[in-house]
Structure formats: C-alpha cells, structure tokens
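J.: What follows is data07.txt, compact mmCIF, C-alpha atoms.
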# COMPACT_ATOMS: atom_id res chain seq x y z
CA MET L 1216 129.88 49.46 78.24
CA SER L 1217 128.11 52.50 76.77
CA SER L 1218 124.74 51.37 78.20
CA ARG L 1219 126.34 51.07 81.67
CA LYS L 1220 127.81 54.57 81.28
CA SER L 1221 124.45 56.06 80.24
CA LYS L 1222 122.84 54.28 83.19
CA SER L 1223 125.28 55.86 85.65
CA ASN L 1224 124.77 59.27 83.96
CA ASN L 1225 121.02 58.89 84.42
CA LEU L 1226 121.55 58.09 88.11
CA ILE L 1227 123.70 61.22 88.58
CA HIS L 1228 121.09 63.23 86.71
CA ALA L 1229 118.27 61.84 88.89
CA GLU L 1230 120.25 62.63 92.05
CA LEU L 1231 120.85 66.20 90.85
CA LEU L 1232 117.18 66.73 90.05
CA SER L 1233 116.06 65.38 93.43
CA GLN L 1234 118.48 67.87 95.06
CA VAL L 1235 117.02 70.69 92.91
CA GLN L 1236 113.51 69.70 93.94
CA ARG L 1237 114.48 69.52 97.62
CA VAL L 1238 116.11 73.00 97.57
CA LEU L 1239 113.20 74.64 95.73
CA ARG L 1240 110.44 72.86 97.67
CA GLU L 1241 111.99 73.94 100.96
CA ARG L 1242 111.98 77.49 99.62
CA PHE L 1243 108.31 77.27 98.55
CA CYS L 1244 106.89 75.39 101.54
CA HIS L 1245 108.71 76.83 104.53
CA GLN L 1246 108.91 80.55 105.20
CA SER L 1247 112.67 80.18 105.24
CA PRO L 1248 114.53 83.06 106.92
CA HIS L 1249 117.26 82.55 104.27
CA SER L 1250 115.03 83.70 101.39
CA ASN L 1251 114.79 87.37 100.44
CA LEU L 1252 112.12 89.81 101.60
CA PHE L 1253 110.13 91.59 98.87
CA GLY L 1254 108.62 95.05 99.20
CA VAL L 1255 108.60 95.17 103.03
CA GLN L 1256 112.00 96.72 103.80
CA VAL L 1257 110.52 99.73 105.69
CA GLN L 1258 108.34 97.48 107.88
CA TYR L 1259 111.30 95.15 108.46
CA LYS L 1260 113.50 98.05 109.65
CA HIS L 1261 110.76 99.18 112.07
CA LEU L 1262 110.33 95.65 113.50
CA ILE L 1263 114.04 94.85 113.92
CA GLU L 1264 114.66 98.17 115.72
CA LEU L 1265 111.81 97.42 118.10
CA LEU L 1266 113.13 93.91 118.84
CA LYS L 1267 116.67 95.21 119.39
CA ARG L 1268 115.38 97.75 121.92
CA THR L 1269 113.85 94.87 123.91
CA ALA L 1270 116.73 92.42 123.50
CA ILE L 1271 119.66 94.79 124.05
CA HIS L 1272 118.31 97.72 126.10
CA GLY L 1273 115.65 95.79 128.09
CA GLU L 1274 112.80 98.02 126.88
CA SER L 1275 109.34 96.41 126.80
CA ASN L 1276 107.30 96.79 123.60
CA SER L 1277 104.13 95.57 121.92
CA VAL L 1278 103.25 95.65 118.21
CA LEU L 1279 100.67 94.21 115.82
CA ILE L 1280 101.65 93.04 112.33
CA ILE L 1281 98.51 93.26 110.16
CA GLY L 1282 98.12 92.02 106.60
CA PRO L 1283 96.09 89.63 104.43
CA ARG L 1284 96.91 85.91 104.36
CA GLY L 1285 100.01 85.21 102.29
CA SER L 1286 101.33 88.79 102.58
CA GLY L 1287 104.50 87.63 104.40
CA LYS L 1288 103.81 88.32 108.10
CA THR L 1289 105.45 85.08 109.30
CA THR L 1290 108.37 85.50 106.85
CA LEU L 1291 108.93 89.05 108.16
CA ILE L 1292 109.06 87.98 111.83
CA ASN L 1293 111.26 84.94 111.00
CA HIS L 1294 113.78 87.20 109.21
CA ALA L 1295 113.81 89.68 112.08
CA LEU L 1296 114.33 86.93 114.70
CA LYS L 1297 117.11 85.35 112.62
CA GLU L 1298 118.97 88.68 112.39
CA LEU L 1299 118.41 89.30 116.10
CA MET L 1300 119.78 85.87 117.11
CA GLU L 1301 122.94 86.47 115.09
CA ILE L 1302 123.96 89.16 117.63
CA GLU L 1303 126.12 87.34 120.18
CA GLU L 1304 124.93 89.12 123.35
CA VAL L 1305 121.32 88.51 122.31
CA SER L 1306 121.46 84.83 121.30
CA GLU L 1307 122.63 83.76 124.79
CA ASN L 1308 120.11 85.89 126.61
CA VAL L 1309 116.79 86.26 124.74
CA LEU L 1310 113.96 83.73 125.05
CA GLN L 1311 111.20 83.20 122.47
CA VAL L 1312 107.65 81.97 123.05
CA HIS L 1313 105.55 81.12 119.98
CA LEU L 1314 101.79 80.76 120.52
CA ASN L 1315 99.06 80.17 117.94
CA GLY L 1316 95.39 81.06 118.45
CA LEU L 1317 94.34 77.91 116.57
CA LEU L 1318 96.27 75.65 118.98
CA GLN L 1319 96.14 77.48 122.32
CA ILE L 1320 92.37 77.82 122.44
CA ASN L 1321 92.19 78.93 126.08
CA ASP L 1322 94.46 80.58 128.65
CA LYS L 1323 95.09 77.36 130.57
CA ILE L 1324 96.54 75.63 127.46
CA ALA L 1325 98.48 78.81 126.59
CA LEU L 1326 100.05 78.93 130.07
CA LYS L 1327 101.11 75.27 129.84
CA GLU L 1328 102.71 75.99 126.45
CA ILE L 1329 104.52 79.08 127.82
CA THR L 1330 105.86 76.95 130.73
CA ARG L 1331 107.02 74.26 128.27
CA GLN L 1332 108.72 76.68 125.88
CA LEU L 1333 110.50 78.49 128.72
CA ASN L 1334 111.66 75.09 130.11
CA LEU L 1335 110.17 75.87 133.53
CA GLU L 1336 108.14 72.68 134.16
CA ASN L 1337 110.51 71.70 137.03
CA VAL L 1338 110.27 75.15 138.64
CA VAL L 1339 106.44 75.20 138.58
CA GLY L 1340 106.13 71.57 139.73
CA ASP L 1341 102.95 71.06 141.78
CA LYS L 1342 102.56 74.68 142.91
CA VAL L 1343 98.98 75.97 143.07
CA PHE L 1344 98.33 79.56 141.99
CA GLY L 1345 95.42 81.80 142.87
CA SER L 1346 95.15 83.43 139.45
CA PHE L 1347 96.49 83.41 135.92
CA ALA L 1348 98.40 86.69 136.54
CA GLU L 1349 100.10 85.17 139.63
CA ASN L 1350 101.16 82.11 137.63
CA LEU L 1351 102.52 84.19 134.72
CA SER L 1352 104.42 86.60 136.99
CA PHE L 1353 105.92 83.59 138.83
CA LEU L 1354 107.15 82.17 135.50
CA LEU L 1355 108.73 85.48 134.51
CA GLU L 1356 110.22 85.92 137.99
CA ALA L 1357 111.86 82.49 137.61
CA LEU L 1358 113.73 83.79 134.55
CA LYS L 1359 115.61 86.45 136.54
CA LYS L 1360 119.37 86.17 136.44
CA GLY L 1361 121.42 85.07 139.42
CA ASP L 1362 122.21 88.60 140.60
CA ARG L 1363 118.49 89.52 140.36
CA SER L 1364 119.48 92.89 138.89
CA SER L 1365 117.90 92.18 135.52
CA SER L 1366 115.81 89.52 133.77
CA CYS L 1367 116.11 87.63 130.49
CA PRO L 1368 114.17 89.51 127.77
CA VAL L 1369 111.26 87.40 126.48
CA ILE L 1370 109.73 87.76 123.00
CA PHE L 1371 106.14 86.53 122.68
CA ILE L 1372 104.93 85.87 119.11
CA LEU L 1373 101.14 85.41 118.99
CA ASP L 1374 100.01 84.02 115.63
CA GLU L 1375 96.26 84.35 114.80
CA PHE L 1376 96.20 87.13 117.41
CA ASP L 1377 92.47 87.84 116.87
CA LEU L 1378 91.60 84.38 118.27
CA PHE L 1379 93.28 85.25 121.61
CA ALA L 1380 90.84 88.17 121.85
CA HIS L 1381 87.99 85.61 122.10
CA HIS L 1382 89.45 84.03 125.28
CA LYS L 1383 87.45 84.59 128.46
CA ASN L 1384 88.14 88.12 129.83
CA GLN L 1385 91.20 88.30 127.50
CA THR L 1386 93.30 87.40 130.56
CA LEU L 1387 96.41 86.33 128.63
CA LEU L 1388 96.50 89.51 126.52
CA TYR L 1389 95.76 91.69 129.56
CA ASN L 1390 98.65 90.21 131.57
CA LEU L 1391 101.15 90.27 128.70
CA PHE L 1392 100.37 93.90 127.84
CA ASP L 1393 100.33 94.82 131.54
CA ILE L 1394 103.86 93.41 132.03
CA SER L 1395 105.04 95.13 128.82
CA GLN L 1396 103.77 98.48 130.26
CA SER L 1397 105.33 98.05 133.70
CA ALA L 1398 109.02 98.04 134.69
CA GLN L 1399 109.11 94.27 135.22
CA THR L 1400 110.68 91.63 132.95
CA PRO L 1401 111.65 93.09 129.50
CA LEU L 1402 108.94 91.76 127.21
CA ALA L 1403 108.08 92.18 123.52
CA VAL L 1404 104.59 91.08 122.47
CA ILE L 1405 104.20 90.67 118.70
CA GLY L 1406 100.73 89.84 117.36
CA LEU L 1407 100.14 88.60 113.80
CA THR L 1408 96.65 88.95 112.37
CA CYS L 1409 94.77 89.47 109.11
CA ARG L 1410 91.92 91.46 110.73
CA LEU L 1411 92.00 95.21 110.23
CA ASP L 1412 89.42 95.75 112.99
CA ILE L 1413 91.55 93.94 115.58
CA LEU L 1414 91.61 96.87 118.05
CA GLU L 1415 87.79 96.83 118.15
CA LEU L 1416 87.96 93.27 119.53
CA LEU L 1417 90.11 94.25 122.51
CA GLU L 1418 88.56 95.11 125.88
CA LYS L 1419 89.04 98.64 127.18
CA ARG L 1420 91.54 97.57 129.90
CA VAL L 1421 93.57 95.56 127.33
CA LYS L 1422 93.48 98.34 124.73
CA SER L 1423 94.72 100.92 127.27
CA ARG L 1424 97.81 98.77 127.97
CA PHE L 1425 98.64 98.17 124.30
CA SER L 1426 101.21 100.53 122.72
CA HIS L 1427 99.00 100.94 119.56
CA ARG L 1428 102.00 100.28 117.30
CA GLN L 1429 100.84 98.66 114.07
CA ILE L 1430 102.87 97.44 111.09
CA HIS L 1431 100.71 97.00 107.97
CA LEU L 1432 101.81 94.63 105.22
CA MET L 1433 100.27 95.11 101.80
CA ASN L 1434 101.77 93.58 98.65
CA SER L 1435 102.60 96.88 97.01
CA PHE L 1436 104.94 95.61 94.28
CA GLY L 1437 104.07 95.84 90.57
CA PHE L 1438 104.33 93.23 87.80
CA PRO L 1439 108.05 93.88 86.94
CA GLN L 1440 108.94 93.18 90.59
CA TYR L 1441 106.67 90.08 90.49
CA LEU L 1442 108.67 88.77 87.48
CA LYS L 1443 111.90 89.41 89.38
CA ILE L 1444 110.52 87.44 92.37
CA PHE L 1445 109.49 84.60 90.01
CA LYS L 1446 113.03 84.39 88.62
CA GLU L 1447 114.64 84.63 92.06
CA GLN L 1448 112.40 81.94 93.55
CA LEU L 1449 113.26 79.43 90.80
CA SER L 1450 116.99 80.17 90.53
CA LEU L 1451 119.42 77.79 92.23
CA PRO L 1452 121.80 79.24 94.85
CA ALA L 1453 125.52 79.68 94.09
CA GLU L 1454 126.41 77.07 96.75
CA PHE L 1455 124.57 74.28 94.84
CA PRO L 1456 127.07 71.36 94.45
CA ASP L 1457 127.07 71.03 90.62
CA LYS L 1458 128.15 74.40 89.19
CA LEU L 1459 127.64 73.41 85.52
CA PHE L 1460 124.08 72.23 86.14
CA THR L 1461 123.33 75.36 88.23
CA GLU L 1462 124.44 77.52 85.30
CA LYS L 1463 122.25 75.58 82.81
CA TRP L 1464 119.24 75.61 85.17
CA ASN L 1465 119.50 79.36 85.85
CA GLU L 1466 119.86 80.05 82.09
CA SER L 1467 116.68 78.04 81.42
CA ILE L 1468 114.86 80.06 84.12
CA GLN L 1469 116.09 83.31 82.51
CA CYS L 1470 114.67 82.13 79.13
CA LEU L 1471 111.43 81.16 80.89
CA THR L 1472 111.13 84.68 82.39
CA GLU L 1473 111.53 86.21 78.90
CA ASP L 1474 109.01 83.81 77.30
CA ARG L 1475 105.83 85.61 76.18
CA SER L 1476 103.39 82.81 77.10
CA VAL L 1477 104.95 82.50 80.61
CA ARG L 1478 104.59 86.25 81.10
CA GLU L 1479 100.93 86.00 80.10
CA VAL L 1480 100.39 83.19 82.64
CA LEU L 1481 102.13 85.22 85.37
CA GLN L 1482 100.17 88.35 84.45
CA LYS L 1483 96.88 86.42 84.85
CA HIS L 1484 98.07 84.98 88.15
CA PHE L 1485 99.23 88.43 89.33
CA ASN L 1486 95.84 89.96 88.43
CA VAL L 1487 94.02 87.36 90.56
CA SER L 1488 96.35 87.34 93.56
CA LYS L 1489 99.59 89.15 94.30
CA ASN L 1490 100.47 87.07 97.34
CA LEU L 1491 103.59 84.94 97.18
CA ARG L 1492 101.87 81.89 98.64
CA SER L 1493 99.76 81.46 95.48
CA LEU L 1494 102.88 82.04 93.33
CA HIS L 1495 104.68 79.30 95.31
CA MET L 1496 101.73 76.99 94.68
CA LEU L 1497 101.97 77.65 90.93
CA LEU L 1498 105.74 77.06 90.91
CA MET L 1499 105.39 73.89 93.00
CA LEU L 1500 102.97 72.39 90.45
CA ALA L 1501 105.30 73.30 87.56
CA LEU L 1502 108.31 71.88 89.43
CA ASN L 1503 106.52 68.54 89.91
CA ARG L 1504 106.75 67.96 86.15
CA VAL L 1505 110.58 68.00 86.15
CA THR L 1506 111.95 64.47 85.57
CA THR L 1507 115.15 62.88 84.17
CA SER L 1508 113.61 62.78 80.68
CA HIS L 1509 112.35 66.38 81.11
CA PRO L 1510 115.10 68.01 83.27
CA PHE L 1511 114.21 71.70 82.79
CA MET L 1512 110.97 73.62 83.31
CA THR L 1513 109.21 74.78 80.16
CA ALA L 1514 106.46 77.25 79.25
CA ALA L 1515 104.07 74.28 78.76
CA ASP L 1516 104.65 73.23 82.41
CA MET L 1517 103.79 76.75 83.60
CA MET L 1518 100.63 76.86 81.46
CA GLU L 1519 99.47 73.47 82.73
CA ALA L 1520 100.19 74.49 86.36
CA HIS L 1521 98.19 77.70 85.87
CA GLN L 1522 95.30 75.73 84.38
CA PHE L 1523 95.36 73.43 87.41
CA CYS L 1524 95.49 76.41 89.83
CA SER L 1525 92.60 78.22 88.17
CA MET L 1526 90.32 75.17 88.04
CA ASP L 1527 86.81 75.77 89.37
CA SER L 1528 86.33 73.24 92.19
CA LYS L 1529 82.52 73.38 91.99
CA ALA L 1530 82.52 72.80 88.23
CA ASN L 1531 84.83 69.81 88.86
CA ILE L 1532 82.28 68.35 91.29
CA VAL L 1533 79.58 68.67 88.60
CA HIS L 1534 81.70 66.48 86.26
CA GLY L 1535 81.26 63.57 88.68
CA LEU L 1536 77.48 63.80 89.07
CA SER L 1537 74.95 61.33 87.65
CA VAL L 1538 72.66 62.33 84.75
CA LEU L 1539 69.71 62.56 87.20
CA GLU L 1540 71.63 65.00 89.43
CA ILE L 1541 72.62 67.05 86.37
CA CYS L 1542 68.94 67.17 85.36
CA LEU L 1543 67.99 68.43 88.84
CA ILE L 1544 70.63 71.20 88.64
CA ILE L 1545 69.26 72.27 85.23
CA ALA L 1546 65.71 72.25 86.67
CA MET L 1547 66.90 74.49 89.53
CA LYS L 1548 68.59 76.82 87.08
CA HIS L 1549 65.38 76.92 85.06
CA LEU L 1550 63.46 77.92 88.21
CA ASN L 1551 66.07 80.58 89.01
CA ASP L 1552 65.61 82.09 85.54
CA ILE L 1553 61.82 82.08 85.80
CA TYR L 1554 61.53 83.37 89.37
CA GLU L 1555 64.63 85.63 89.28
CA GLU L 1556 66.85 83.86 91.82
CA GLU L 1557 64.05 83.25 94.32
CA PRO L 1558 64.59 80.17 96.54
CA PHE L 1559 62.94 76.88 95.52
CA ASN L 1560 62.01 73.58 97.21
CA PHE L 1561 62.31 69.94 96.18
CA GLN L 1562 58.69 69.71 95.02
CA MET L 1563 59.16 72.59 92.54
CA VAL L 1564 62.36 70.99 91.18
CA TYR L 1565 60.65 67.59 90.91
CA ASN L 1566 57.70 69.09 88.96
CA GLU L 1567 60.13 70.81 86.58
CA PHE L 1568 62.01 67.53 86.07
CA GLN L 1569 58.71 65.66 85.42
CA LYS L 1570 57.78 68.15 82.68
CA PHE L 1571 61.11 67.48 80.96
CA VAL L 1572 60.72 63.67 81.28
CA GLN L 1573 57.22 63.79 79.76
CA ARG L 1574 58.56 65.77 76.79
CA LYS L 1575 61.64 63.58 76.27
CA ALA L 1576 60.54 60.21 77.67
CA HIS L 1577 62.68 58.28 75.16
CA SER L 1578 66.06 59.68 76.34
CA VAL L 1579 65.69 60.03 80.13
CA TYR L 1580 64.47 57.33 82.48
CA ASN L 1581 61.57 58.41 84.74
CA PHE L 1582 62.94 57.81 88.25
CA GLU L 1583 60.76 57.17 91.30
CA LYS L 1584 60.25 60.17 93.60
CA PRO L 1585 62.30 58.72 96.55
CA VAL L 1586 65.25 58.16 94.16
CA VAL L 1587 65.01 61.78 92.95
CA MET L 1588 64.83 62.89 96.61
CA LYS L 1589 68.02 60.95 97.38
CA ALA L 1590 69.80 62.65 94.44
CA PHE L 1591 68.56 66.05 95.72
CA GLU L 1592 69.97 65.30 99.21
CA HIS L 1593 73.28 64.26 97.64
CA LEU L 1594 73.53 67.68 95.96
CA GLN L 1595 73.01 69.25 99.40
CA GLN L 1596 75.80 67.09 100.89
CA LEU L 1597 78.12 68.24 98.11
CA GLU L 1598 77.19 71.85 99.03
CA LEU L 1599 75.96 72.65 95.52
CA ILE L 1600 72.67 73.70 97.12
CA ARG L 1601 72.04 74.97 100.63
CA PRO L 1602 68.96 75.49 102.81
CA MET L 1603 67.83 79.08 103.29
CA GLU L 1604 67.19 78.59 107.01
CA ARG L 1605 67.86 76.00 109.68
CA THR L 1606 65.80 72.84 109.35
CA SER L 1607 62.95 72.74 111.86
CA VAL L 1608 61.31 69.51 113.03
CA ASN L 1609 57.92 70.46 111.57
CA THR L 1610 59.11 71.33 108.03
CA GLN L 1611 58.64 68.58 105.48
CA ARG L 1612 61.87 67.90 103.58
CA GLU L 1613 60.33 68.41 100.14
CA TYR L 1614 59.07 71.88 101.06
CA GLN L 1615 62.24 73.24 102.63
CA LEU L 1616 63.49 76.31 100.74
CA MET L 1617 66.86 75.94 99.00
CA LYS L 1618 69.31 78.09 97.05
CA LEU L 1619 71.58 76.96 94.20
CA LEU L 1620 75.29 77.78 94.69
CA LEU L 1621 76.29 77.46 91.00
CA ASP L 1622 75.97 80.14 88.35
CA ASN L 1623 74.98 79.69 84.70
CA THR L 1624 78.54 79.84 83.35
CA GLN L 1625 79.73 77.09 85.71
CA ILE L 1626 76.82 74.84 84.66
CA MET L 1627 77.41 75.39 80.94
CA ASN L 1628 81.19 74.81 81.21
CA ALA L 1629 80.61 71.63 83.22
CA LEU L 1630 78.06 70.33 80.68
CA GLN L 1631 80.45 70.89 77.77
CA LYS L 1632 83.06 68.70 79.50
CA TYR L 1633 80.56 66.18 80.90
CA PRO L 1634 81.27 62.72 79.40
CA ASN L 1635 78.38 61.04 77.48
CA CYS L 1636 75.81 63.68 78.41
CA PRO L 1637 72.49 62.94 76.58
CA THR L 1638 71.88 65.46 73.78
CA ASP L 1639 68.34 66.20 75.06
CA VAL L 1640 69.68 67.13 78.50
CA ARG L 1641 72.24 69.46 76.92
CA GLN L 1642 69.55 71.04 74.72
CA TRP L 1643 67.29 71.48 77.77
CA ALA L 1644 70.12 73.29 79.55
CA THR L 1645 70.74 75.67 76.65
CA SER L 1646 67.05 76.37 76.23
CA SER L 1647 66.66 77.29 79.88
CA LEU L 1648 69.82 79.41 79.66
CA SER L 1649 69.11 80.94 76.27
CA TRP L 1650 69.81 84.45 77.58
CA LEU L 1651 73.55 83.62 78.01
Here is a file; write its structure as structure tokens.

T.:
Amino acid sequence: MSSRKSKSNNLIHAELLSQVQRVLRERFCHQSPHSNLFGVQVQYKHLIELLKRTAIHGESNSVLIIGPRGSGKTTLINHALKELMEIEEVSENVLQVHLNGLLQINDKIALKEITRQLNLENVVGDKVFGSFAENLSFLLEALKKGDRSSSCPVIFILDEFDLFAHHKNQTLLYNLFDISQSAQTPLAVIGLTCRLDILELLEKRVKSRFSHRQIHLMNSFGFPQYLKIFKEQLSLPAEFPDKLFTEKWNESIQCLTEDRSVREVLQKHFNVSKNLRSLHMLLMLALNRVTTSHPFMTAADMMEAHQFCSMDSKANIVHGLSVLEICLIIAMKHLNDIYEEEPFNFQMVYNEFQKFVQRKAHSVYNFEKPVVMKAFEHLQQLELIRPMERTSVNTQREYQLMKLLLDNTQIMNALQKYPNCPTDVRQWATSSLSWL
C-alpha cells in the first residue's frame, strides 16, 4: 500500500516539475509580453506614446529602436503592442505587419508578405501594377473604412532593419517613409536594428523622409539589479496551481540568490555579458538538471551551467583531434613563436614535424607526407587554421600561406585535458611555449 502511495506521490511530483519547467522555459525562450521590463522604462514610455498617437489620433510616425543583440528590442515592442491592443477602440481598428530582413530578402517577397498579413490576397487578385509604390498604395487604399473618411492605422515592424537598406533602390523603405510623411493612411514604421551607423546606410531621399526619431537600448543596470532579475526570472507566479510547492520553490530561489558561490557565478557572467539572453541561457541549463530526485535548483547546478556556458568551443574541437593533428598544431605554434606570428605554409609545418619525429622516433609514428597533408586539410575544414588569401589555381597547396586561429593558452588547456596524449608530445608543446 505504502509503495503504491509513494508511486502516486512521485507522479504528482513529476507532473508539478514538468509544469514548472514549462512555465520557466516559456519565460526564457519567448520574449513574452507578460514578463517584466528591466531598465528601459523611459524608452518604453516614449514608444507607447508614439504608437498611441498613430492608433488613436491617426498621426503617422517612424522610429528606429537601436541596441545590441539581446538588449530587449523585441521584448520592448511586444510589451508596447500588448498594452496598445488592450485599448478597446484600438484592438478593433489597428493592423500590424511584421517583416524580417532575414526572411523578406527583396521587395517583391516583402510585398507578398504585407498582402498576406493584411488579408488582402482576394482584393489584389490578378491585378497588374506598374510599380511597387502603386501596388503598396493600392493595398493601403483597400484598408479604408466604408465611409472613406479615414483609414485603419497600420503599424509596420521591420526586424533586422539594416538588411532592408540593402534592397535595390531601398524602394520599400522609401514608400513606407513617404506614406508616413504624407497625409495618407495613418502609418507607424518601427525599425529594429543593432547597427549604430544605420542612418549612413539610407539613401538621401529615404533619409529625408525619415523622422530621425531613435530609441537607444543599452543595458544600463548594475549587478544588484541583475540579481533581482535573476530572482524574478526563476520565481514561480502566484497563479501557479500548487501554492505549497510555489512557496517552497520561491524560498529555494531566495536562498540561491543569497548563496555566495551563486553570486560569484552571476558576477562572472555579468562581467562577460549583461544581456538577458545569455542569462536565460545560463538559467535554462541549470533548470535542465531539475528532476524528481533533485526537485530544487542548487548552487552546484548553477556552477555546472556556468562552466558549460563558458566552455571554449575551439579548445573542445582540439580534444577530438588525432595525435598527428595535435602535433601539427604544436609545430604551427612553434613557427609562430619563432617568426613572431608570421603566416606559414604546409611545407614549413611538415619540416618542423619531421624534426620532432627524428628526435623522438620511438614515441611518434613517422607518417607519409600525403597523410600529413590530409590531416593539415582537416584542420582547415575545422577552421582551426585559415588561408591568408583566396586560393588561386597556380598556387601549390603545400605553399599556400596559412594562419593559426588558436592561441597558446587554448593549446595548453586542451593538451592538459587531452586523453592519452604521449608524454613526448606534451613536452614538445611546453618546450615550444616555454615563455608562457
């Protein structure tokens, strides 16, 4: 009887934990408009006012939201649109068009997507238009209300805005900004980009029609605020079904925030990157370790997640190389030390390797030259070395100049962790890197 009871308890526990993981993963992975904004209240106020002027008063506007990746540009616009759509007179009237520079790679594709999102495929039908501007103005004309006195306000959100600037003649941007300047359909054009020099990419005629409003997002919060965000992101909401479990979970998160080792991990993470995307990545990895036998997050989980996040990908690649490839990397490093980072070619590396083999013939097998060449090419495929210039037809492969993309520290760290590395190879590495 007791075993059956414990079994059912385990099932309830597993169900609870899967709910916890679902709630928190949704928070980490999707820029949910339900989560809180951090450190961008002034910018948010500016943006929502601008959108309200378009949606309620029919005033056209254009604005650029500029900030590094992970600074919260998409979260900011999602919050603003959510608040806007909660106003009754707006939700029935305003239309949204979301375009992305990575997907809509030319104006023709962009126009098709605008038509689809505005649900105007039937209106356009088989009509033939003389120009892009004619087509766009027809689409916007079709959105006019029955009495033709006013039109539906349209909000255009252009993600990866800088990529639209590379379209031929910047026709889409020109027409959108042109409409936003004229007394036609009320239009708000919101561009999201991480390029500070974005205005330099715009043509003169496009630039003259842009309002030059810019909202800059920089993660300006300090470490105490970062700790507060950490706690908030991991805490369960009050509406979580099991109140007792919510209380226990939130208490464990409070203890975690006060733990010295967790604070050290977060401080290191904060020093490398303040953006919330990298914090979400860290929390996601720690959350993955929560199971029925280990129902609460611990400091050890956070430390392991941080270790995983701060792994050097290139050093990890070195762990999987053959002894011959390791020897070639050490030979290249040797050449770099001798010739002070000057580029090298395969022949120089091969000669260096041959010298080592002749000295230590008992521990390293003397491979044929074509085999060594194949190993050299494999290092190039793994992007551990790269050619200095484009390969020409006349250049012989063994004389093409190369550059090593690993530094001494990465090589030494990789060698320390390398399984069953011959002692002679390790000694050769330290001798060539004796200045470390």

J.: With distances taken over only C-alpha atoms, which of L:Ser1233, L:Asn1581, L:Thr1290, L:Gln1631 is nearest to L:Phe1568?

T.: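 Among the listed residues, L:Asn1581 lies closest to L:Phe1568.
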
J.: For L:Gly1285, which residue among L:Leu1232, L:Leu1314, L:Leu1491, L:Ile1444 is the nearest when counting only C-alpha atoms?

T.: L:Leu1491

J.: So that I can check the surroundings of L:Leu1299, please list as a ChimeraX atom specification every protein, DNA and RNA residue that reaches within 9 Å of it, counting all atoms listed in the file and ignoring chain neighbours fewer than 5 positions away.

T.: /L:1263,1266-1267,1270,1294,1305-1306

J.: Enter the distance from atom CA of L:Ser1646 to atom CA of L:Asn1623, in Å, rounded to one decimal.

T.: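 Computing it gives 12.1 Å between the two atoms.
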
J.: Within 10 Å of stretch 1512-1517 of chain L, counting all atoms listed in the file, which residues show up once you throw out same-chain ones fewer than 6 positions away? Write them as a list in words, please.

T.: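 Near neighbours after the sequence-gap exclusion: Leu1449, Trp1464, Ser1467, Ile1468, Cys1470, Leu1471, Thr1472, Asp1474, Arg1475, Ser1476, Val1477, Arg1478, Val1480, Leu1481, Leu1497, Leu1498, Met1499, Leu1500, Ala1501, Leu1502, Asn1503, Arg1504, Val1505, Thr1506 and Phe1523 of chain L.
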
J.: Grab the atom CA of L:Asn1308 to atom CA of L:Asn1390 distance for me, in Å with one decimal place.

T.: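 Separation between atom CA of L:Asn1308 and atom CA of L:Asn1390: 22.4 Å.
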
J.: Name the closest residue to L:Pro1283 among the candidates L:Leu1621, L:Cys1409, L:Leu1417, L:Leu1543; distances are taken between atoms, counting only C-alpha atoms.

T.: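 Of L:Leu1621, L:Cys1409, L:Leu1417, L:Leu1543, the one nearest L:Pro1283 is L:Cys1409, counting only C-alpha atoms.
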
J.: Using all atoms listed in the file, which of L:Ala1629, L:Val1564, L:Val1404, L:Ile1271 sits nearest L:Glu1303?

T.: L:Ile1271

J.: Mind listing whatever residues come within 12 Å of the point (103.7, 89.5, 98.2)? Use only C-alpha atoms, file coordinates, and give them as JSON, numbers by chain.

T.: {"L": [1251, 1252, 1253, 1254, 1255, 1282, 1283, 1284, 1285, 1286, 1287, 1288, 1290, 1291, 1432, 1433, 1434, 1435, 1436, 1437, 1438, 1440, 1441, 1442, 1444, 1445, 1485, 1488, 1489, 1490, 1491, 1492, 1493, 1494, 1495]}

J.: What is the distance between atom CA of L:Pro1637 and atom CA of L:Glu1557, in Å to one decimal?

T.: 28.3 Å

J.: For L:Glu1375, work out the shell of residues within 6 Å, counting all atoms listed in the file and skipping chain neighbours fewer than 6 positions away, then give it as a count of residues only.

T.: 4
